[in-house]
file model.txt (compact mmCIF, C-alpha atoms and all ligand atoms)
# COMPACT_ATOMS: atom_id res chain seq x y z
CA MET A 409 21.52 121.86 206.29
CA ILE A 410 18.42 120.58 208.08
CA ILE A 411 15.46 122.96 208.12
CA ALA A 412 12.38 122.16 210.22
CA VAL A 413 9.10 124.03 209.95
CA SER A 414 6.86 124.06 213.01
CA GLY A 415 3.89 125.93 214.45
CA LYS A 416 0.28 125.43 215.50
CA GLY A 417 -2.14 123.62 213.18
CA GLY A 418 -3.71 125.79 210.52
CA VAL A 419 -1.14 128.59 210.55
CA GLY A 420 0.18 127.65 207.11
CA LYS A 421 3.14 125.33 207.85
CA THR A 422 2.41 123.08 204.91
CA ALA A 423 1.73 125.97 202.53
CA PHE A 424 4.97 127.64 203.61
CA THR A 425 6.96 124.38 203.45
CA THR A 426 5.70 123.74 199.91
CA LEU A 427 6.81 127.17 198.71
CA LEU A 428 10.09 126.85 200.61
CA ILE A 429 10.86 123.61 198.75
CA LYS A 430 9.85 125.22 195.46
CA ALA A 431 12.20 128.15 196.05
CA LEU A 432 15.03 125.94 197.32
CA SER A 433 14.73 123.60 194.34
CA LYS A 434 15.76 126.49 192.06
CA LYS A 435 19.18 126.23 193.70
CA THR A 436 19.62 122.48 193.96
CA ASN A 437 17.60 119.32 193.55
CA ASN A 438 19.61 117.52 196.19
CA ILE A 439 16.81 117.98 198.72
CA LEU A 440 15.18 115.47 201.04
CA VAL A 441 11.66 116.44 202.11
CA VAL A 442 10.31 114.73 205.23
CA ASP A 443 6.61 115.02 205.95
CA ALA A 444 6.57 114.40 209.70
CA ASP A 445 3.02 115.58 210.35
CA PRO A 446 0.72 112.60 211.00
CA ASP A 447 -2.08 114.86 209.79
CA SER A 448 -0.05 115.32 206.67
CA ASN A 449 -1.09 116.85 203.40
CA LEU A 450 2.28 117.89 202.05
CA PRO A 451 2.15 115.35 199.19
CA GLU A 452 -1.11 116.96 198.04
CA THR A 453 0.25 120.51 198.13
CA LEU A 454 3.39 119.31 196.34
CA GLY A 455 1.25 117.42 193.82
CA VAL A 456 2.89 114.04 194.46
CA GLU A 457 1.34 110.60 194.96
CA VAL A 458 2.65 108.67 197.95
CA GLU A 459 1.71 105.04 198.44
CA LYS A 460 3.45 104.07 201.64
CA THR A 461 4.70 105.78 204.77
CA VAL A 462 7.39 104.95 207.32
CA GLY A 463 4.52 104.09 209.69
CA ASP A 464 3.29 101.47 207.21
CA ILE A 465 6.75 99.87 207.16
CA ARG A 466 6.79 99.71 210.95
CA GLU A 467 3.42 97.89 210.85
CA GLU A 468 4.63 95.57 208.10
CA LEU A 469 7.66 94.55 210.15
CA LYS A 470 5.48 94.03 213.22
CA LYS A 471 3.14 91.73 211.30
CA ILE A 472 5.98 89.67 209.83
CA ILE A 473 7.56 89.22 213.27
CA GLU A 474 4.22 88.26 214.82
CA ARG A 475 3.58 85.73 212.07
CA CYS A 476 7.03 84.22 211.59
CA GLY A 477 9.14 85.29 214.57
CA GLU A 478 11.89 86.37 212.18
CA ILE A 479 12.10 87.80 208.69
CA PRO A 480 11.99 84.89 206.24
CA GLY A 481 15.30 84.44 204.41
CA GLY A 482 17.33 85.49 207.43
CA MET A 483 17.41 89.20 206.64
CA SER A 484 18.12 91.36 209.69
CA LYS A 485 15.42 93.73 210.85
CA LEU A 486 17.68 96.71 210.29
CA ASP A 487 18.39 95.67 206.69
CA PHE A 488 14.70 95.06 206.12
CA LEU A 489 13.83 98.56 207.34
CA LYS A 490 16.64 100.08 205.31
CA SER A 491 15.57 98.47 202.07
CA LYS A 492 11.95 99.41 202.69
CA ILE A 493 12.78 103.07 203.37
CA TYR A 494 14.61 103.26 200.05
CA GLU A 495 11.63 101.58 198.42
CA ILE A 496 9.08 104.14 199.66
CA LEU A 497 11.25 107.19 199.01
CA VAL A 498 9.50 109.16 196.25
CA GLU A 499 12.01 110.62 193.82
CA THR A 500 11.06 113.65 191.74
CA ASP A 501 13.08 115.95 189.48
CA ASN A 502 13.25 118.56 192.24
CA TYR A 503 13.53 116.63 195.54
CA ASP A 504 13.02 113.25 197.22
CA LEU A 505 10.09 112.81 199.60
CA LEU A 506 9.62 110.61 202.65
CA VAL A 507 6.29 110.56 204.51
CA MET A 508 6.40 109.49 208.17
CA GLY A 509 2.69 108.70 208.52
CA ARG A 510 1.22 107.57 211.79
CA PRO A 511 3.26 108.42 214.88
CA GLU A 512 5.51 105.94 216.59
CA GLY A 513 3.85 103.65 219.06
CA SER A 514 5.30 103.28 222.54
CA GLY A 515 6.67 100.30 224.46
CA CYS A 516 8.52 97.47 222.76
CA TYR A 517 8.72 99.41 219.52
CA CYS A 518 11.64 101.33 220.87
CA SER A 519 14.38 99.56 218.96
CA VAL A 520 12.49 99.74 215.69
CA ASN A 521 11.95 103.46 216.17
CA ASN A 522 15.61 103.95 216.99
CA TRP A 523 16.63 102.05 213.88
CA LEU A 524 14.24 104.10 211.76
CA ARG A 525 15.68 107.31 213.17
CA GLN A 526 19.19 106.05 212.49
CA ILE A 527 18.33 105.13 208.90
CA ILE A 528 16.68 108.50 208.25
CA ASP A 529 19.57 110.38 209.90
CA ASN A 530 21.94 108.45 207.67
CA LEU A 531 19.89 109.12 204.58
CA SER A 532 19.78 112.85 205.43
CA GLY A 533 23.56 112.96 205.16
CA TYR A 534 23.36 112.40 201.41
CA TYR A 535 21.45 115.62 200.80
CA ASP A 536 22.43 119.31 200.72
CA TYR A 537 19.13 120.23 202.34
CA VAL A 538 16.61 118.35 204.42
CA VAL A 539 13.27 120.09 204.88
CA ILE A 540 10.92 118.75 207.56
CA ASP A 541 7.24 119.68 207.88
CA THR A 542 6.72 118.86 211.56
CA GLU A 543 3.51 118.03 213.38
CA ALA A 544 1.56 120.80 215.11
CA GLY A 545 2.42 121.37 218.76
CA LEU A 546 5.61 120.83 220.64
CA GLU A 547 5.57 117.07 221.18
CA HIS A 548 8.15 116.43 218.49
CA LEU A 549 10.52 118.64 220.48
CA SER A 550 10.01 116.75 223.73
CA ARG A 551 10.28 113.41 221.91
CA ARG A 552 13.44 114.80 220.40
CA THR A 553 12.62 113.70 216.92
CA THR A 554 13.75 117.12 215.78
CA GLN A 555 17.12 116.96 217.43
CA ASN A 556 19.67 117.57 214.74
CA VAL A 557 18.04 120.60 213.20
CA ASP A 558 20.11 123.55 211.97
CA VAL A 559 17.30 125.97 211.33
CA MET A 560 13.90 125.91 212.97
CA ILE A 561 11.28 128.08 211.29
CA VAL A 562 8.19 128.71 213.40
CA VAL A 563 5.20 129.77 211.34
CA THR A 564 2.60 131.79 213.20
CA ASP A 565 -0.71 133.48 212.53
CA PRO A 566 -0.67 137.26 212.93
CA THR A 567 -1.74 137.42 216.58
CA LYS A 568 0.01 138.28 219.80
CA ARG A 569 -0.92 134.83 221.09
CA GLY A 570 0.54 133.20 217.99
CA LEU A 571 3.82 135.01 218.51
CA GLY A 572 3.65 133.91 222.16
CA THR A 573 3.56 130.29 220.97
CA ALA A 574 6.63 130.95 218.85
CA LYS A 575 8.32 132.28 221.96
CA ARG A 576 7.36 129.13 223.89
CA ILE A 577 8.83 126.90 221.19
CA LYS A 578 12.05 128.85 221.43
CA LYS A 579 12.10 128.57 225.22
CA LEU A 580 11.24 124.86 225.23
CA ALA A 581 14.01 124.16 222.73
CA ASN A 582 16.45 125.87 225.09
CA GLU A 583 15.17 124.03 228.16
CA LEU A 584 15.34 120.66 226.41
CA ASP A 585 18.77 121.54 225.22
CA VAL A 586 17.81 120.92 221.62
CA LYS A 587 20.52 122.58 219.64
CA PHE A 588 19.31 124.71 216.77
CA LYS A 589 21.75 127.08 215.19
CA ASP A 590 18.92 129.49 214.42
CA ILE A 591 15.24 129.86 215.22
CA TYR A 592 13.30 132.15 212.93
CA VAL A 593 9.68 133.23 212.94
CA VAL A 594 7.51 133.71 209.87
CA ALA A 595 4.20 135.53 210.32
CA ASN A 596 1.63 134.29 207.81
CA LYS A 597 -1.69 135.59 206.49
CA VAL A 598 -0.80 139.13 207.56
CA LYS A 599 -2.90 142.11 206.42
CA GLU A 600 -0.93 145.04 205.07
CA GLU A 601 -2.14 147.32 207.88
CA ASP A 602 -1.00 144.84 210.59
CA LYS A 603 2.61 144.47 209.46
CA GLU A 604 4.01 147.14 211.77
CA ILE A 605 2.28 145.88 214.90
CA ILE A 606 3.48 142.32 214.18
CA LYS A 607 7.04 143.61 213.88
CA LYS A 608 6.65 145.46 217.17
CA TYR A 609 5.33 142.40 219.04
CA ALA A 610 8.09 140.21 217.60
CA ASP A 611 10.63 142.77 218.73
CA GLU A 612 9.20 142.90 222.25
CA LEU A 613 9.34 139.11 222.49
CA GLY A 614 12.88 139.00 221.18
CA LEU A 615 11.88 136.89 218.19
CA ASN A 616 13.89 136.77 215.00
CA LEU A 617 11.15 137.62 212.48
CA ILE A 618 12.56 136.55 209.14
CA GLY A 619 9.55 137.21 206.98
CA ILE A 620 5.98 138.43 206.80
CA LEU A 621 3.67 136.72 204.33
CA PRO A 622 0.48 138.42 203.22
CA TYR A 623 -2.93 136.78 203.17
CA ASN A 624 -3.24 135.69 199.56
CA LYS A 625 -6.45 134.85 197.71
CA GLU A 626 -4.68 132.71 195.12
CA ILE A 627 -3.38 130.36 197.86
CA ALA A 628 -6.82 130.11 199.45
CA GLU A 629 -8.33 129.37 196.03
CA TYR A 630 -5.75 126.71 195.12
CA ASP A 631 -6.33 124.94 198.42
CA LEU A 632 -10.10 125.28 198.11
CA LYS A 633 -10.00 123.59 194.70
CA GLY A 634 -7.31 121.06 195.67
CA ILE A 635 -4.76 122.39 193.18
CA PRO A 636 -1.17 121.76 194.39
CA LEU A 637 0.41 124.97 195.73
CA TRP A 638 3.58 123.79 193.99
CA ASN A 639 1.89 125.02 190.77
CA LEU A 640 1.49 128.61 192.01
CA PRO A 641 2.88 131.07 189.49
CA GLU A 642 6.29 132.45 190.39
CA ASP A 643 4.96 136.00 190.47
CA ASN A 644 2.65 135.07 193.37
CA GLU A 645 3.35 137.61 196.15
CA VAL A 646 3.73 134.98 198.88
CA TYR A 647 6.04 132.86 196.76
CA LYS A 648 8.21 135.90 196.08
CA GLU A 649 8.45 136.57 199.83
CA VAL A 650 9.36 132.94 200.52
CA GLU A 651 12.14 133.21 197.92
CA LYS A 652 13.55 136.13 199.89
CA ILE A 653 13.32 134.16 203.15
CA VAL A 654 15.22 131.26 201.55
CA ASN A 655 17.95 133.66 200.44
CA ARG A 656 18.21 135.07 203.95
CA ILE A 657 18.50 131.60 205.48
CA ILE A 658 21.01 130.01 203.18
CA LYS A 659 22.93 133.21 202.40
N1 LIG B 1 -0.71 133.22 203.00
C1 LIG B 1 -1.90 132.61 202.94
N2 LIG B 1 -2.96 133.25 202.38
C2 LIG B 1 -4.18 132.65 202.36
N3 LIG B 1 -4.45 131.43 202.86
C3 LIG B 1 -3.44 130.75 203.42
C4 LIG B 1 -2.11 131.30 203.48
N4 LIG B 1 -1.31 130.38 204.08
C5 LIG B 1 -2.10 129.32 204.38
N5 LIG B 1 -3.38 129.54 204.00
C6 LIG B 1 -4.54 128.65 204.18
O1 LIG B 1 -4.60 128.28 205.56
C7 LIG B 1 -5.04 126.92 205.68
C8 LIG B 1 -4.05 126.15 206.54
O2 LIG B 1 -2.82 126.07 205.87
P1 LIG B 1 -1.83 124.83 206.06
O3 LIG B 1 -0.62 125.13 205.31
O4 LIG B 1 -2.54 123.56 205.75
O5 LIG B 1 -1.58 124.92 207.63
P2 LIG B 1 -0.83 123.91 208.63
O6 LIG B 1 0.03 123.02 207.81
O7 LIG B 1 -0.07 124.80 209.54
O8 LIG B 1 -1.90 123.17 209.36
C9 LIG B 1 -5.15 126.37 204.27
O9 LIG B 1 -6.52 126.36 203.91
C10 LIG B 1 -4.39 127.36 203.41
O10 LIG B 1 -4.96 127.50 202.14
MG MG B 2 0.13 120.91 207.68
call {"tool": "encode", "arguments": {"input": "model.txt", "output": "structure tokens"}}
result
Amino acid sequence: MIIAVSGKGGVGKTAFTTLLIKALSKKTNNILVVDADPDSNLPETLGVEVEKTVGDIREELKKIIERCGEIPGGMSKLDFLKSKIYEILVETDNYDLLVMGRPEGSGCYCSVNNWLRQIIDNLSGYYDYVVIDTEAGLEHLSRRTTQNVDVMIVVTDPTKRGLGTAKRIKKLANELDVKFKDIYVVANKVKEEDKEIIKKYADELGLNLIGILPYNKEIAEYDLKGIPLWNLPEDNEVYKEVEKIVNRIIK
């Protein structure tokens, strides 16, 4: 099952994704995590060191081709990319992590980008769950990098406008004919007294609100001090809510 997390910047995508992976890893460790946000900080919130990104590999290949024309030793470009992807995959006890890094360039890079997508699609097949922290905005939808997603989770701040954005993502996905089995909305940083109004707005917009996460001082403090959110205690109120969301999604 491929789960993508999207939403505007700053709404809590990365925080949510981190806790989602933590909750999911209680069920299986056959999880591939893809950090697809160029502005990424998922490795930090997971507490993992990452040396190289897929973007770095693309640059490496470009430099070799510019310098030598071909890959020395007669290796094909596809095999080169494949071996490099396996090299940069970070394996932990709970999941494997791939960081995309800088976004794909345009123009003659096309075939390289297609190969990379193919390799990552292939790799995904080996896992029970693939969790993608996407970049803010909707570009990844129009570029169709999020094509084969089963579940799209849109994280939003607790505002009518935020829920409107979630609605737009849903609409755009339909227009682009991107096939998700389910699109869910998670409202984050919600004050207790605002829960009902958020539910009402979501209802009016026809959104499938799958969870409401409270504003939580412990999360703010961890991020302030640079402590990985992965280390949040399991009785943290937001983590407990995310556990429930995971159970609703994977049933
Ligand atoms: N439930 C929450 N309670 C308190 N602070 C939160 C919560 N969720 C996220 N934050 C804070 O909001 C900021 C943005 O979160 P982040 O996950 O980096 O957003 P995004 O990935 O969408 O840009 C961070 O400083 C984080 O600590
Ligand atoms: Mg983020």
call {"tool": "closest_atom_pairs", "arguments": {"input": "model.txt", "of": "chain A", "to": "ligand MG 2 (chain B)", "cutoff": "10 Å", "atoms": "only C-alpha atoms and all ligand atoms", "output": "tab-separated table"}}
result
residue	atom	partner	partner_atom	distance
A:Val413	CA	B:MG2	MG	9.8
A:Ser414	CA	B:MG2	MG	9.1
A:Gly415	CA	B:MG2	MG	9.2
A:Lys416	CA	B:MG2	MG	9.0
A:Gly417	CA	B:MG2	MG	6.5
A:Gly418	CA	B:MG2	MG	6.8
A:Val419	CA	B:MG2	MG	8.3
A:Gly420	CA	B:MG2	MG	6.8
A:Lys421	CA	B:MG2	MG	5.4
A:Thr422	CA	B:MG2	MG	4.2
A:Ala423	CA	B:MG2	MG	7.4
A:Phe424	CA	B:MG2	MG	9.2
A:Thr425	CA	B:MG2	MG	8.8
A:Thr426	CA	B:MG2	MG	10.0
A:Asp443	CA	B:MG2	MG	8.9
A:Ala444	CA	B:MG2	MG	9.4
A:Asp445	CA	B:MG2	MG	6.6
A:Pro446	CA	B:MG2	MG	9.0
A:Asp447	CA	B:MG2	MG	6.8
A:Ser448	CA	B:MG2	MG	5.7
A:Asn449	CA	B:MG2	MG	6.0
A:Leu450	CA	B:MG2	MG	6.7
A:Thr453	CA	B:MG2	MG	9.6
A:Asp541	CA	B:MG2	MG	7.2
A:Thr542	CA	B:MG2	MG	7.9
A:Glu543	CA	B:MG2	MG	7.2
A:Ala544	CA	B:MG2	MG	7.6
call {"tool": "write_last_selection", "arguments": {"input": "model.txt", "atoms": "C-alpha atoms", "output": "CSV table (one decimal), in the coordinates of the input"}}
result
chain,number,residue,atom,x,y,z
A,413,VAL,CA,9.1,124.0,210.0
A,414,SER,CA,6.9,124.1,213.0
A,415,GLY,CA,3.9,125.9,214.4
A,416,LYS,CA,0.3,125.4,215.5
A,417,GLY,CA,-2.1,123.6,213.2
A,418,GLY,CA,-3.7,125.8,210.5
A,419,VAL,CA,-1.1,128.6,210.6
A,420,GLY,CA,0.2,127.6,207.1
A,421,LYS,CA,3.1,125.3,207.8
A,422,THR,CA,2.4,123.1,204.9
A,423,ALA,CA,1.7,126.0,202.5
A,424,PHE,CA,5.0,127.6,203.6
A,425,THR,CA,7.0,124.4,203.4
A,426,THR,CA,5.7,123.7,199.9
A,443,ASP,CA,6.6,115.0,206.0
A,444,ALA,CA,6.6,114.4,209.7
A,445,ASP,CA,3.0,115.6,210.4
A,446,PRO,CA,0.7,112.6,211.0
A,447,ASP,CA,-2.1,114.9,209.8
A,448,SER,CA,0.0,115.3,206.7
A,449,ASN,CA,-1.1,116.8,203.4
A,450,LEU,CA,2.3,117.9,202.0
A,453,THR,CA,0.2,120.5,198.1
A,541,ASP,CA,7.2,119.7,207.9
A,542,THR,CA,6.7,118.9,211.6
A,543,GLU,CA,3.5,118.0,213.4
A,544,ALA,CA,1.6,120.8,215.1
call {"tool": "atom_distance", "arguments": {"input": "model.txt", "atom1": "atom CA of A:Val538", "atom2": "atom CA of A:Leu571"}}
result
25.3 Å
call {"tool": "residues_near_point", "arguments": {"input": "model.txt", "point": "(6.9, 130.0, 196.2)", "cutoff": "9 Å", "atoms": "only C-alpha atoms", "output": "PyMOL selection string"}}
result
chain A and resi 424+426-431+637-651
call {"tool": "write_last_selection", "arguments": {"input": "model.txt", "atoms": "C-alpha atoms", "output": "PDB file, in the frame of the given file"}}
result
ATOM      1  CA  PHE A 424       4.970 127.640 203.610  1.00  0.00           C
ATOM      2  CA  THR A 426       5.700 123.740 199.910  1.00  0.00           C
ATOM      3  CA  LEU A 427       6.810 127.170 198.710  1.00  0.00           C
ATOM      4  CA  LEU A 428      10.090 126.850 200.610  1.00  0.00           C
ATOM      5  CA  ILE A 429      10.860 123.610 198.750  1.00  0.00           C
ATOM      6  CA  LYS A 430       9.850 125.220 195.460  1.00  0.00           C
ATOM      7  CA  ALA A 431      12.200 128.150 196.050  1.00  0.00           C
ATOM      8  CA  LEU A 637       0.410 124.970 195.730  1.00  0.00           C
ATOM      9  CA  TRP A 638       3.580 123.790 193.990  1.00  0.00           C
ATOM     10  CA  ASN A 639       1.890 125.020 190.770  1.00  0.00           C
ATOM     11  CA  LEU A 640       1.490 128.610 192.010  1.00  0.00           C
ATOM     12  CA  PRO A 641       2.880 131.070 189.490  1.00  0.00           C
ATOM     13  CA  GLU A 642       6.290 132.450 190.390  1.00  0.00           C
ATOM     14  CA  ASP A 643       4.960 136.000 190.470  1.00  0.00           C
ATOM     15  CA  ASN A 644       2.650 135.070 193.370  1.00  0.00           C
ATOM     16  CA  GLU A 645       3.350 137.610 196.150  1.00  0.00           C
ATOM     17  CA  VAL A 646       3.730 134.980 198.880  1.00  0.00           C
ATOM     18  CA  TYR A 647       6.040 132.860 196.760  1.00  0.00           C
ATOM     19  CA  LYS A 648       8.210 135.900 196.080  1.00  0.00           C
ATOM     20  CA  GLU A 649       8.450 136.570 199.830  1.00  0.00           C
ATOM     21  CA  VAL A 650       9.360 132.940 200.520  1.00  0.00           C
ATOM     22  CA  GLU A 651      12.140 133.210 197.920  1.00  0.00           C
TER      23      GLU A 651
END
call {"tool": "residues_around", "arguments": {"input": "model.txt", "residues": "A:Val559", "least_positions_apart": "3", "cutoff": "7 Å", "atoms": "only C-alpha atoms", "output": "list in words"}}
result
Ile410, Ile411, Ala412, Phe588, Lys589, Asp590 and Ile591 of chain A
call {"tool": "closest_residue", "arguments": {"input": "model.txt", "among": "A:Lys568, A:Lys578, A:Lys599, A:Lys470", "to": "ligand LIG 1 (chain B)", "atoms": "only C-alpha atoms and all ligand atoms"}}
result
A:Lys599
call {"tool": "residues_around", "arguments": {"input": "model.txt", "residues": "A:Lys587", "least_positions_apart": "2", "cutoff": "9 Å", "atoms": "all atoms listed in the file", "output": "PyMOL selection string"}}
result
chain A and resi 555-558+581-582+584-585+589-590
call {"tool": "atom_distance", "arguments": {"input": "model.txt", "atom1": "atom CA of A:Asn522", "atom2": "atom CA of A:Ile439"}}
result
23.1 Å
call {"tool": "atom_distance", "arguments": {"input": "model.txt", "atom1": "atom CA of A:Arg656", "atom2": "atom CA of A:Glu452"}}
result
27.1 Å
call {"tool": "closest_residue", "arguments": {"input": "model.txt", "among": "A:Asp536, A:Glu601, A:Glu457, A:Glu478", "to": "A:Pro636", "atoms": "all atoms listed in the file"}}
result
A:Glu457
call {"tool": "axis_aligned_box", "arguments": {"input": "model.txt", "around": "stretch 498-514 of chain A", "padding_each_side": "4 Å", "output": "JSON"}}
result
{"center_x": 7.4, "center_y": 110.9, "center_z": 206.0, "size_x": 20.3, "size_y": 23.3, "size_z": 41.1}
call {"tool": "residues_around", "arguments": {"input": "model.txt", "residues": "A:Thr436", "least_positions_apart": "2", "cutoff": "9 Å", "atoms": "all atoms listed in the file", "output": "PyMOL selection string"}}
result
chain A and resi 432-434+438-439+502-503+536-537
call {"tool": "residues_around", "arguments": {"input": "model.txt", "residues": "A:Lys485", "least_positions_apart": "4", "cutoff": "10 Å", "atoms": "all atoms listed in the file", "output": "PyMOL selection string"}}
result
chain A and resi 469+473+478-479+489-491+520+523
call {"tool": "closest_residue", "arguments": {"input": "model.txt", "among": "A:Lys460, A:Pro480, A:Pro511, A:Ile657", "to": "A:Tyr494", "atoms": "all atoms listed in the file"}}
result
A:Lys460
call {"tool": "closest_residue", "arguments": {"input": "model.txt", "among": "A:Val562, A:Val442, A:Ile540, A:Leu486", "to": "A:Val507", "atoms": "all atoms listed in the file"}}
result
A:Val442
call {"tool": "closest_residue", "arguments": {"input": "model.txt", "among": "A:Arg510, A:Lys597, A:Lys603, A:Lys659", "to": "ligand LIG 1 (chain B)", "atoms": "all atoms listed in the file"}}
result
A:Lys597
call {"tool": "closest_residue", "arguments": {"input": "model.txt", "among": "A:Ala574, A:Val598, A:Leu454, A:Ile618", "to": "ligand LIG 1 (chain B)", "atoms": "only C-alpha atoms and all ligand atoms"}}
result
A:Val598
call {"tool": "residues_around", "arguments": {"input": "model.txt", "residues": "A:Lys492", "least_positions_apart": "2", "cutoff": "12 Å", "atoms": "all atoms listed in the file", "output": "list in words"}}
result
Lys460, Thr461, Val462, Gly463, Asp464, Ile465, Arg466, Glu467, Glu468, Leu469, Lys485, Leu486, Asp487, Phe488, Leu489, Lys490, Tyr494, Glu495, Ile496, Leu497, Val498, Leu506, Leu524, Ile527 and Ile528 of chain A
call {"tool": "build_atoms", "arguments": {"input": "model.txt", "residues": "stretch 594-612 of chain A", "atoms": "N, CA, C and O atoms", "output": "short mmCIF file (atom, residue, chain, number, x, y, z; two decimals), in the frame of the given file"}}
result
data_model
loop_
_atom_site.label_atom_id
_atom_site.label_comp_id
_atom_site.auth_asym_id
_atom_site.auth_seq_id
_atom_site.Cartn_x
_atom_site.Cartn_y
_atom_site.Cartn_z
N VAL A 594 8.17 133.18 211.06
CA VAL A 594 7.51 133.71 209.87
C VAL A 594 6.05 133.97 210.22
O VAL A 594 5.35 133.07 210.68
N ALA A 595 5.61 135.21 210.07
CA ALA A 595 4.20 135.53 210.32
C ALA A 595 3.45 135.37 209.00
O ALA A 595 3.86 135.90 207.97
N ASN A 596 2.36 134.61 209.04
CA ASN A 596 1.63 134.29 207.81
C ASN A 596 0.23 134.86 207.85
O ASN A 596 -0.33 135.08 208.92
N LYS A 597 -0.32 135.07 206.68
CA LYS A 597 -1.69 135.59 206.49
C LYS A 597 -1.83 136.97 207.14
O LYS A 597 -2.79 137.24 207.85
N VAL A 598 -0.83 137.81 206.92
CA VAL A 598 -0.80 139.13 207.56
C VAL A 598 -1.43 140.18 206.62
O VAL A 598 -1.11 140.24 205.44
N LYS A 599 -2.33 141.00 207.19
CA LYS A 599 -2.90 142.11 206.42
C LYS A 599 -1.88 143.24 206.38
O LYS A 599 -1.16 143.46 207.36
N GLU A 600 -1.88 143.95 205.27
CA GLU A 600 -0.93 145.04 205.07
C GLU A 600 -0.89 145.97 206.29
O GLU A 600 0.18 146.31 206.81
N GLU A 601 -2.07 146.33 206.80
CA GLU A 601 -2.14 147.32 207.88
C GLU A 601 -1.65 146.76 209.22
O GLU A 601 -1.45 147.53 210.17
N ASP A 602 -1.44 145.43 209.31
CA ASP A 602 -1.00 144.84 210.59
C ASP A 602 0.50 144.58 210.64
O ASP A 602 1.02 144.15 211.67
N LYS A 603 1.18 144.81 209.53
CA LYS A 603 2.61 144.47 209.46
C LYS A 603 3.42 145.12 210.58
O LYS A 603 4.23 144.46 211.23
N GLU A 604 3.19 146.41 210.80
CA GLU A 604 4.01 147.14 211.77
C GLU A 604 3.82 146.62 213.18
O GLU A 604 4.78 146.46 213.94
N ILE A 605 2.54 146.34 213.53
CA ILE A 605 2.28 145.88 214.90
C ILE A 605 2.89 144.48 215.12
O ILE A 605 3.41 144.17 216.20
N ILE A 606 2.87 143.65 214.07
CA ILE A 606 3.48 142.32 214.18
C ILE A 606 4.99 142.47 214.43
O ILE A 606 5.57 141.79 215.28
N LYS A 607 5.60 143.38 213.69
CA LYS A 607 7.04 143.61 213.88
C LYS A 607 7.33 144.06 215.31
O LYS A 607 8.29 143.63 215.94
N LYS A 608 6.46 144.93 215.81
CA LYS A 608 6.65 145.46 217.17
C LYS A 608 6.55 144.35 218.21
O LYS A 608 7.40 144.22 219.09
N TYR A 609 5.49 143.51 218.08
CA TYR A 609 5.33 142.40 219.04
C TYR A 609 6.53 141.45 218.97
O TYR A 609 7.04 141.00 220.00
N ALA A 610 6.96 141.14 217.76
CA ALA A 610 8.09 140.21 217.60
C ALA A 610 9.33 140.78 218.27
O ALA A 610 10.07 140.07 218.96
N ASP A 611 9.52 142.07 218.10
CA ASP A 611 10.63 142.77 218.73
C ASP A 611 10.58 142.65 220.24
O ASP A 611 11.56 142.30 220.91
N GLU A 612 9.39 142.95 220.79
CA GLU A 612 9.20 142.90 222.25
C GLU A 612 9.49 141.51 222.80
O GLU A 612 10.01 141.37 223.91
#
